[in-house]
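Participant: Please find work_19.txt (compact mmCIF, C-alpha atoms) on the next line:
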# COMPACT_ATOMS: atom_id res chain seq x y z
CA MET A 1 114.95 -118.76 -33.48
CA THR A 2 113.57 -115.61 -31.93
CA VAL A 3 112.52 -115.13 -28.34
CA LYS A 4 109.06 -113.69 -27.82
CA ILE A 5 108.36 -111.48 -24.81
CA LEU A 6 105.01 -110.16 -23.55
CA ILE A 7 105.02 -106.74 -21.88
CA VAL A 8 101.90 -105.95 -19.84
CA ASP A 9 101.60 -102.33 -18.69
CA ASP A 10 98.80 -99.78 -18.75
CA SER A 11 101.28 -97.04 -19.67
CA LYS A 12 101.69 -96.86 -23.43
CA THR A 13 104.98 -95.03 -23.00
CA ILE A 14 106.39 -97.80 -20.80
CA ARG A 15 105.25 -100.45 -23.30
CA GLN A 16 106.96 -98.55 -26.09
CA GLN A 17 110.11 -98.05 -24.04
CA VAL A 18 110.40 -101.70 -23.08
CA SER A 19 109.56 -102.75 -26.62
CA PHE A 20 112.15 -100.38 -28.07
CA THR A 21 114.82 -101.60 -25.64
CA LEU A 22 114.18 -105.29 -26.20
CA SER A 23 113.51 -105.31 -29.93
CA ARG A 24 116.84 -103.60 -30.46
CA SER A 25 118.47 -106.71 -29.08
CA GLY A 26 116.48 -108.99 -31.35
CA TYR A 27 113.60 -109.95 -29.08
CA VAL A 28 110.09 -110.04 -30.49
CA VAL A 29 107.79 -108.05 -28.22
CA VAL A 30 104.02 -108.40 -27.82
CA GLU A 31 102.22 -105.63 -25.91
CA ALA A 32 99.19 -105.83 -23.62
CA GLU A 33 97.56 -102.92 -21.78
CA ASP A 34 96.28 -104.68 -18.65
CA GLY A 35 96.01 -108.09 -17.04
CA LYS A 36 92.96 -109.14 -19.06
CA ASP A 37 94.60 -108.15 -22.30
CA GLY A 38 97.74 -109.92 -21.09
CA LEU A 39 95.85 -113.20 -20.70
CA ALA A 40 94.32 -112.80 -24.16
CA LYS A 41 97.67 -112.02 -25.77
CA LEU A 42 99.30 -114.95 -23.98
CA SER A 43 96.58 -117.24 -25.23
CA ALA A 44 97.18 -116.02 -28.79
CA ASN A 45 100.96 -116.29 -28.44
CA ALA A 46 101.71 -119.64 -26.87
CA ASP A 47 105.41 -119.26 -27.69
CA VAL A 48 105.92 -116.34 -25.28
CA LYS A 49 109.06 -117.16 -23.27
CA LEU A 50 108.94 -114.28 -20.83
CA ILE A 51 106.21 -112.05 -19.38
CA ILE A 52 107.14 -108.64 -18.00
CA SER A 53 104.23 -107.18 -16.09
CA ASP A 54 103.30 -104.08 -14.13
CA VAL A 55 101.43 -104.60 -10.84
CA ASN A 56 98.85 -101.80 -10.66
CA MET A 57 96.66 -101.75 -13.74
CA PRO A 58 92.96 -101.16 -14.45
CA ASN A 59 90.58 -104.09 -15.16
CA MET A 60 93.02 -106.70 -13.94
CA GLY A 61 96.26 -106.08 -12.06
CA GLY A 62 99.54 -107.87 -12.68
CA LEU A 63 99.38 -110.10 -9.62
CA ASP A 64 95.84 -111.25 -10.40
CA MET A 65 96.99 -111.96 -13.94
CA ILE A 66 99.95 -114.10 -12.94
CA GLU A 67 97.81 -115.94 -10.39
CA ALA A 68 95.34 -116.68 -13.19
CA ILE A 69 98.21 -117.88 -15.38
CA LYS A 70 99.45 -120.14 -12.60
CA ALA A 71 95.93 -121.47 -12.04
CA GLY A 72 95.69 -122.22 -15.77
CA GLY A 73 98.72 -124.47 -15.40
CA THR A 74 99.79 -124.37 -19.04
CA TYR A 75 102.35 -121.58 -19.13
CA SER A 76 105.92 -122.79 -18.69
CA GLY A 77 107.78 -119.55 -19.38
CA THR A 78 109.21 -117.00 -16.99
CA ILE A 79 107.43 -114.08 -15.32
CA VAL A 80 109.04 -110.91 -14.03
CA MET A 81 107.38 -107.85 -12.54
CA LEU A 82 108.32 -104.30 -13.59
CA THR A 83 106.74 -101.84 -11.19
CA THR A 84 107.09 -98.87 -8.88
CA GLU A 85 105.88 -101.07 -6.02
CA GLY A 86 108.39 -102.26 -3.46
CA SER A 87 106.13 -103.74 -0.81
CA PRO A 88 107.53 -107.01 0.62
CA GLU A 89 103.99 -108.44 0.85
CA LEU A 90 103.39 -107.90 -2.86
CA ILE A 91 106.78 -109.32 -3.74
CA GLU A 92 105.99 -112.43 -1.71
CA ARG A 93 102.60 -112.75 -3.38
CA ALA A 94 104.23 -112.45 -6.79
CA LYS A 95 106.84 -115.06 -5.91
CA ALA A 96 104.14 -117.41 -4.71
CA ALA A 97 102.36 -116.97 -8.02
CA GLY A 98 105.52 -117.88 -9.89
CA ALA A 99 107.26 -114.54 -10.61
CA ARG A 100 111.02 -115.01 -10.89
CA GLY A 101 112.09 -111.38 -10.66
CA TRP A 102 111.06 -107.92 -9.50
CA LEU A 103 112.35 -104.90 -11.40
CA VAL A 104 111.67 -101.42 -10.07
CA LYS A 105 110.81 -98.46 -12.30
CA PRO A 106 112.35 -96.29 -13.59
CA PHE A 107 114.37 -98.96 -15.36
CA LYS A 108 117.80 -98.70 -16.91
CA PRO A 109 117.81 -100.34 -20.37
CA GLU A 110 121.05 -102.21 -19.68
CA GLN A 111 119.62 -103.60 -16.44
CA LEU A 112 116.44 -104.68 -18.19
CA LEU A 113 118.40 -106.32 -21.00
CA GLY A 114 120.73 -108.00 -18.49
CA ALA A 115 117.82 -109.37 -16.49
CA VAL A 116 115.95 -110.53 -19.57
CA SER A 117 119.02 -112.22 -21.03
CA LYS A 118 119.63 -113.99 -17.73
CA LEU A 119 116.00 -115.07 -17.34
CA VAL A 120 115.44 -116.39 -20.84
CA GLY A 121 118.98 -117.73 -21.02
CA VAL A 122 119.69 -116.49 -24.52
CA ALA A 123 120.02 -113.30 -26.49
CA GLY A 124 117.10 -112.13 -28.56
CA ALA A 125 117.82 -113.70 -31.89
CA ALA A 126 119.95 -116.76 -32.47
CA MET B 127 79.26 -63.83 39.22
CA THR B 128 78.95 -64.56 35.56
CA ALA B 129 77.86 -67.96 34.25
CA SER B 130 80.15 -69.55 31.66
CA LYS B 131 78.58 -69.24 28.28
CA LYS B 132 78.85 -72.02 25.74
CA VAL B 133 80.19 -70.74 22.44
CA GLU B 134 78.05 -72.02 19.60
CA PRO B 135 79.88 -72.79 16.40
CA ASN B 136 79.25 -70.42 13.58
CA THR B 137 77.69 -72.81 11.11
CA ASP B 138 77.76 -70.27 8.30
CA ALA B 139 81.52 -69.90 8.74
CA LEU B 140 81.97 -73.70 8.88
CA ASN B 141 79.92 -74.17 5.73
CA PHE B 142 81.88 -71.43 4.04
CA LEU B 143 85.16 -73.12 5.04
CA ARG B 144 83.95 -76.51 3.76
CA GLY B 145 82.83 -74.96 0.48
CA PHE B 146 86.15 -73.18 0.14
CA LEU B 147 88.14 -76.38 0.82
CA HIS B 148 85.97 -78.34 -1.61
CA SER B 149 86.63 -75.92 -4.47
CA TYR B 150 90.25 -75.39 -3.52
CA THR B 151 91.11 -79.12 -3.51
CA LYS B 152 89.20 -79.58 -6.78
CA LEU B 153 91.19 -76.72 -8.30
CA ILE B 154 94.52 -78.28 -7.33
CA GLU B 155 93.38 -81.70 -8.57
CA ASP B 156 92.43 -80.26 -11.93
CA GLN B 157 95.74 -78.41 -12.22
CA LEU B 158 97.72 -81.50 -11.30
CA GLY B 159 95.69 -83.55 -13.77
CA ALA B 160 96.45 -81.05 -16.53
CA VAL B 161 100.20 -81.10 -15.75
CA GLN B 162 100.16 -84.90 -15.74
CA ALA B 163 98.34 -85.01 -19.08
CA ASP B 164 100.76 -82.49 -20.62
CA MET B 165 103.71 -84.51 -19.41
CA SER B 166 102.30 -87.78 -20.77
CA THR B 167 101.54 -86.19 -24.15
CA ALA B 168 105.03 -84.72 -24.38
CA MET B 169 106.65 -88.03 -23.41
CA GLY B 170 104.52 -89.88 -25.96
CA GLU B 171 105.60 -87.49 -28.69
CA ILE B 172 109.25 -87.71 -27.69
CA MET B 173 108.97 -91.51 -27.78
CA GLN B 174 107.47 -91.37 -31.27
CA ALA B 175 110.32 -89.12 -32.38
CA ILE B 176 112.88 -91.50 -30.88
CA MET B 177 111.36 -94.43 -32.73
CA ALA B 178 111.33 -92.43 -35.96
CA ILE B 179 115.00 -91.46 -35.53
CA SER B 180 115.89 -95.07 -34.79
CA SER B 181 114.03 -96.36 -37.88
CA THR B 182 115.59 -93.71 -40.10
CA ALA B 183 119.09 -94.48 -38.82
CA GLU B 184 118.48 -98.19 -39.40
CA GLU B 185 117.16 -97.63 -42.92
CA LYS B 186 120.12 -95.43 -43.84
CA ALA B 187 122.57 -98.01 -42.53
CA LYS B 188 120.77 -100.77 -44.43
CA SER B 189 120.81 -98.71 -47.64
CA ALA B 190 124.50 -98.04 -47.16
CA ASN B 191 125.20 -101.72 -46.62
CA VAL B 192 123.25 -102.86 -49.67
CA ILE B 193 126.11 -101.68 -51.82
CA PHE B 194 128.38 -104.18 -50.04
CA THR B 195 126.18 -107.16 -50.12
CA LYS B 196 124.19 -107.22 -53.31
CA LYS B 197 126.95 -108.25 -55.68
CA GLY B 198 129.13 -110.62 -53.73
CA SER B 199 130.55 -111.52 -50.39
CA ASP B 200 133.63 -109.35 -50.79
CA GLY B 201 132.41 -105.86 -49.96
CA LYS B 202 135.27 -104.05 -51.62
CA GLN B 203 135.10 -106.07 -54.83
CA ALA B 204 131.38 -105.50 -54.93
CA MET B 205 131.97 -101.79 -54.48
CA VAL B 206 134.49 -101.75 -57.34
CA ARG B 207 131.99 -103.50 -59.60
CA GLU B 208 129.26 -101.10 -58.45
CA VAL B 209 131.48 -98.12 -59.27
CA GLU B 210 132.38 -99.55 -62.67
CA GLU B 211 128.90 -100.69 -63.65
CA ARG B 212 127.14 -97.54 -62.58
CA LYS B 213 129.94 -95.34 -63.85
CA ILE B 214 130.13 -93.65 -60.48
CA PRO B 215 132.68 -90.86 -60.84
CA THR B 216 135.73 -91.38 -58.65
CA GLU B 217 138.08 -88.68 -57.59
CA LEU B 218 140.95 -89.34 -60.03
CA GLY B 219 139.29 -91.22 -62.88
CA ALA B 220 140.16 -94.85 -63.66
CA GLY B 221 142.68 -97.49 -62.59
CA ASN B 222 144.25 -97.25 -59.13
CA SER B 223 142.45 -94.04 -58.50
CA CYS B 224 139.26 -96.04 -58.61
CA SER B 225 140.48 -98.03 -55.60
CA LEU B 226 141.12 -94.82 -53.74
CA GLY B 227 137.63 -93.62 -54.49
CA VAL B 228 136.19 -96.95 -53.44
CA LYS B 229 138.16 -96.85 -50.20
CA ARG B 230 136.77 -93.46 -49.37
CA MET B 231 133.27 -94.56 -50.17
CA THR B 232 133.77 -97.73 -48.14
CA ASP B 233 134.93 -95.67 -45.19
CA ALA B 234 131.92 -93.41 -45.54
CA VAL B 235 129.56 -96.38 -45.58
CA HIS B 236 131.24 -97.83 -42.50
CA SER B 237 130.84 -94.46 -40.80
CA VAL B 238 127.11 -94.51 -41.52
CA ASP B 239 126.92 -98.00 -40.08
CA ARG B 240 128.79 -96.99 -36.93
CA LEU B 241 126.68 -93.85 -36.64
CA ASP B 242 123.54 -95.99 -36.66
CA ALA B 243 124.83 -98.01 -33.70
CA ALA B 244 125.95 -94.87 -31.86
CA ILE B 245 122.59 -93.16 -32.41
CA LYS B 246 120.74 -96.21 -31.16
CA ASP B 247 122.89 -96.38 -28.02
CA LEU B 248 122.13 -92.74 -27.31
CA LEU B 249 118.42 -93.24 -27.95
CA LEU B 250 118.40 -96.22 -25.63
CA SER B 251 119.84 -94.17 -22.79
CA ILE B 252 117.23 -91.44 -23.40
CA VAL B 253 114.48 -94.05 -23.37
CA GLY B 254 115.74 -95.36 -20.03
CA GLU B 255 115.61 -91.90 -18.50
CA MET B 256 112.10 -91.40 -19.89
CA SER B 257 110.77 -94.37 -17.96
CA VAL B 258 110.64 -92.01 -14.98
CA GLU B 259 107.46 -90.61 -16.59
CA ASP B 260 105.44 -93.55 -15.30
CA VAL B 261 106.76 -92.98 -11.78
CA VAL B 262 105.97 -89.25 -11.89
CA SER B 263 102.55 -89.96 -13.34
CA GLN B 264 101.74 -92.31 -10.46
CA ARG B 265 102.89 -89.74 -7.93
CA PHE B 266 100.50 -87.22 -9.48
CA GLN B 267 97.69 -89.73 -9.07
CA HIS B 268 98.60 -90.29 -5.45
CA LEU B 269 98.57 -86.53 -4.82
CA ASN B 270 95.11 -86.39 -6.31
CA THR B 271 94.01 -89.25 -4.08
CA ALA B 272 95.33 -87.39 -1.02
CA LEU B 273 93.43 -84.25 -2.00
CA SER B 274 90.26 -86.18 -2.64
CA VAL B 275 90.56 -87.91 0.76
CA LEU B 276 91.07 -84.52 2.43
CA ARG B 277 87.95 -83.16 0.72
CA ASP B 278 85.85 -86.17 1.68
CA THR B 279 87.10 -86.03 5.25
CA VAL B 280 86.57 -82.33 5.83
CA CYS B 281 83.46 -81.76 3.75
CA ASN B 282 81.55 -85.00 3.93
CA SER B 283 82.43 -86.99 7.00
CA GLY B 284 80.03 -87.10 9.93
CA ALA B 285 82.69 -86.30 12.53
CA THR B 286 83.83 -83.06 10.99
CA ASN B 287 80.30 -81.94 10.19
CA THR B 288 79.09 -82.14 13.77
CA SER B 289 80.02 -79.43 16.20
CA SER B 290 79.69 -81.84 19.12
CA SER B 291 82.18 -84.36 17.77
CA THR B 292 84.70 -85.59 20.28
CA GLN B 293 88.43 -85.62 19.87
CA GLY B 294 88.24 -89.41 19.62
CA GLU B 295 85.87 -89.16 16.67
CA PHE B 296 88.16 -86.70 14.94
CA ALA B 297 91.14 -88.98 15.60
CA SER B 298 89.28 -91.94 14.15
CA THR B 299 88.26 -89.95 11.06
CA SER B 300 91.81 -88.69 10.59
CA LYS B 301 93.22 -92.19 10.91
CA ALA B 302 90.78 -93.51 8.30
CA ALA B 303 91.87 -90.72 5.95
CA LEU B 304 95.55 -91.40 6.52
CA ASP B 305 95.05 -95.13 5.99
CA LYS B 306 93.48 -94.42 2.59
CA VAL B 307 96.31 -92.12 1.58
CA LEU B 308 98.98 -94.57 2.72
CA ALA B 309 97.25 -97.45 0.93
CA SER B 310 97.39 -95.50 -2.33
CA TYR B 311 101.18 -95.21 -2.17
CA THR B 312 103.21 -97.67 -4.21
CA MET B 313 106.72 -96.29 -3.83
CA GLU B 314 108.90 -96.71 -0.78
CA GLU B 315 109.93 -93.07 -1.09
CA GLU B 316 106.29 -91.99 -0.68
CA LYS B 317 105.87 -94.19 2.37
CA VAL B 318 109.03 -92.81 3.97
CA CYS B 319 107.77 -89.26 3.39
CA PHE B 320 104.42 -90.18 4.95
CA GLU B 321 106.13 -91.60 8.03
CA LYS B 322 108.11 -88.40 8.46
CA TYR B 323 104.86 -86.58 9.30
CA PHE B 324 102.54 -89.26 10.65
CA GLY B 325 104.87 -91.97 11.94
CA LYS B 326 104.87 -95.65 11.10
CA PRO B 327 101.36 -97.05 10.75
CA ALA B 328 100.36 -99.37 13.59
Could the structure of this file be written out as structure tokens, please?
Facilitator:
Amino acid sequence: MTVKILIVDDSKTIRQQVSFTLSRSGYVVVEAEDGKDGLAKLSANADVKLIISDVNMPNMGGLDMIEAIKAGGTYSGTIVMLTTEGSPELIERAKAAGARGWLVKPFKPEQLLGAVSKLVGVAGAA
Amino acid sequence: MTASKKVEPNTDALNFLRGFLHSYTKLIEDQLGAVQADMSTAMGEIMQAIMAISSTAEEKAKSANVIFTKKGSDGKQAMVREVEERKIPTELGAGNSCSLGVKRMTDAVHSVDRLDAAIKDLLLSIVGEMSVEDVVSQRFQHLNTALSVLRDTVCNSGATNTSSSTQGEFASTSKAALDKVLASYTMEEEKVCFEKYFGKPA
């Protein structure tokens, strides 16, 4: 069984970096370039176990996206934010919308992998 | 007795200054934008190269391992058969010398496999360091926002365009500009730097 992860970030380089880091450990990674795209990709990939999302993005930001996901009421996976933001208000808003973690960029691959492993409870591929 | 004479502002000079600031801030914005674009392009290309190196290392390791796995579960036995069937020349010919040749080849294959893991570890650490690109890119954007706010404030706002503006009006205009700049910041480091010059926002 493989664990599928959705990375939502408007920076292509960040998406590639997260994807590279996670796929090396056996995770299957789906990429989305903003909140709207994130919702579409989530809808097409119902087996996504973890969403890693940026906060500030064009079209739809990460917090609006996770609030929309919460409002939808069907997603049971985990959400974590990966951002340069450190504002306590935004962190509270994210928590209220169901985010379980807040990772600050620039990220260290081992920290990302550690957090992901802890949040999804398993390694990438069983 | 001489009456005090009100000094009229030199509107030509003010207009010149506004025009100068407009072009000057635009110039810096353009230059910053170009640096940001260059950096993003370079990072994108480095990332592509990293992925290509990683794929190549993985393919080479897989190719090396095929020789172990395709003819049986015992890697060494499979290698012996491979050497015999394909008449791969070994260092000393046949018999025991074949085992020596196989051992050396086995070691070489293991080295390739270990090299693949080592390369990927190195690439992973490079990729981690590269994630700073997104942070730097955002800081460039925030600098551009600050310049654009400065231009709007000095060149377009009512308070700074009227010679009779009061200090209160200037203060209010400045505060509005600073609020916009502060709101654009996402990193704590940026906010701390802001506070160093303008204090904590009320």
Participant: To one decimal place in Å, what is the distance between atom CA of Glu110 of chain A and atom CA of Ile52 of chain A?
Facilitator: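 These atoms are spaced 15.4 Å apart.
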Participant: Excluding Ile91 of chain A and its own-chain neighbours fewer than 3 positions away, which residues fall within 12 Å of it when counting only C-alpha atoms? Please give them as JSON, numbers by chain.
Facilitator: {"A": [55, 62, 63, 80, 81, 82, 83, 84, 85, 86, 87, 88, 94, 95, 96, 97, 98, 99, 100, 101, 102, 103, 104]}
Participant: Using 7 Å as the limit and counting only C-alpha atoms, can you tabulate each residue of chain B that touches chain A, with its shortest atom-to-atom distance in Å and the two atoms involved, as a Markdown table?
Facilitator:
| residue | atom | partner | partner_atom | distance |
| --- | --- | --- | --- | --- |
| B:Gly170 | CA | A:Thr13 | CA | 6.0 |
| B:Leu250 | CA | A:Thr21 | CA | 6.5 |
| B:Ser251 | CA | A:Pro109 | CA | 6.9 |
| B:Val253 | CA | A:Gln17 | CA | 6.0 |
| B:Gly254 | CA | A:Lys108 | CA | 5.0 |
| B:Ser257 | CA | A:Pro106 | CA | 5.0 |
| B:Val258 | CA | A:Pro106 | CA | 4.8 |
| B:Asp260 | CA | A:Ser11 | CA | 7.0 |
| B:Val261 | CA | A:Thr84 | CA | 6.6 |
| B:Thr312 | CA | A:Glu85 | CA | 4.7 |
| B:Met313 | CA | A:Glu85 | CA | 5.3 |
| B:Glu314 | CA | A:Gly86 | CA | 6.2 |
Participant: To one decimal in Å, tell me the separation between atom CA of Cys281 of chain B and atom CA of Thr137 of chain B.
Facilitator: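 Calculated distance between atom CA of Cys281 of chain B and atom CA of Thr137 of chain B is 12.9 Å.
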Participant: So how far away is atom CA of Val29 of chain A from atom CA of Leu119 of chain A, in Å?
Facilitator: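 Computed distance, atom CA of Leu119 of chain A to atom CA of Val29 of chain A, equals 15.3 Å.
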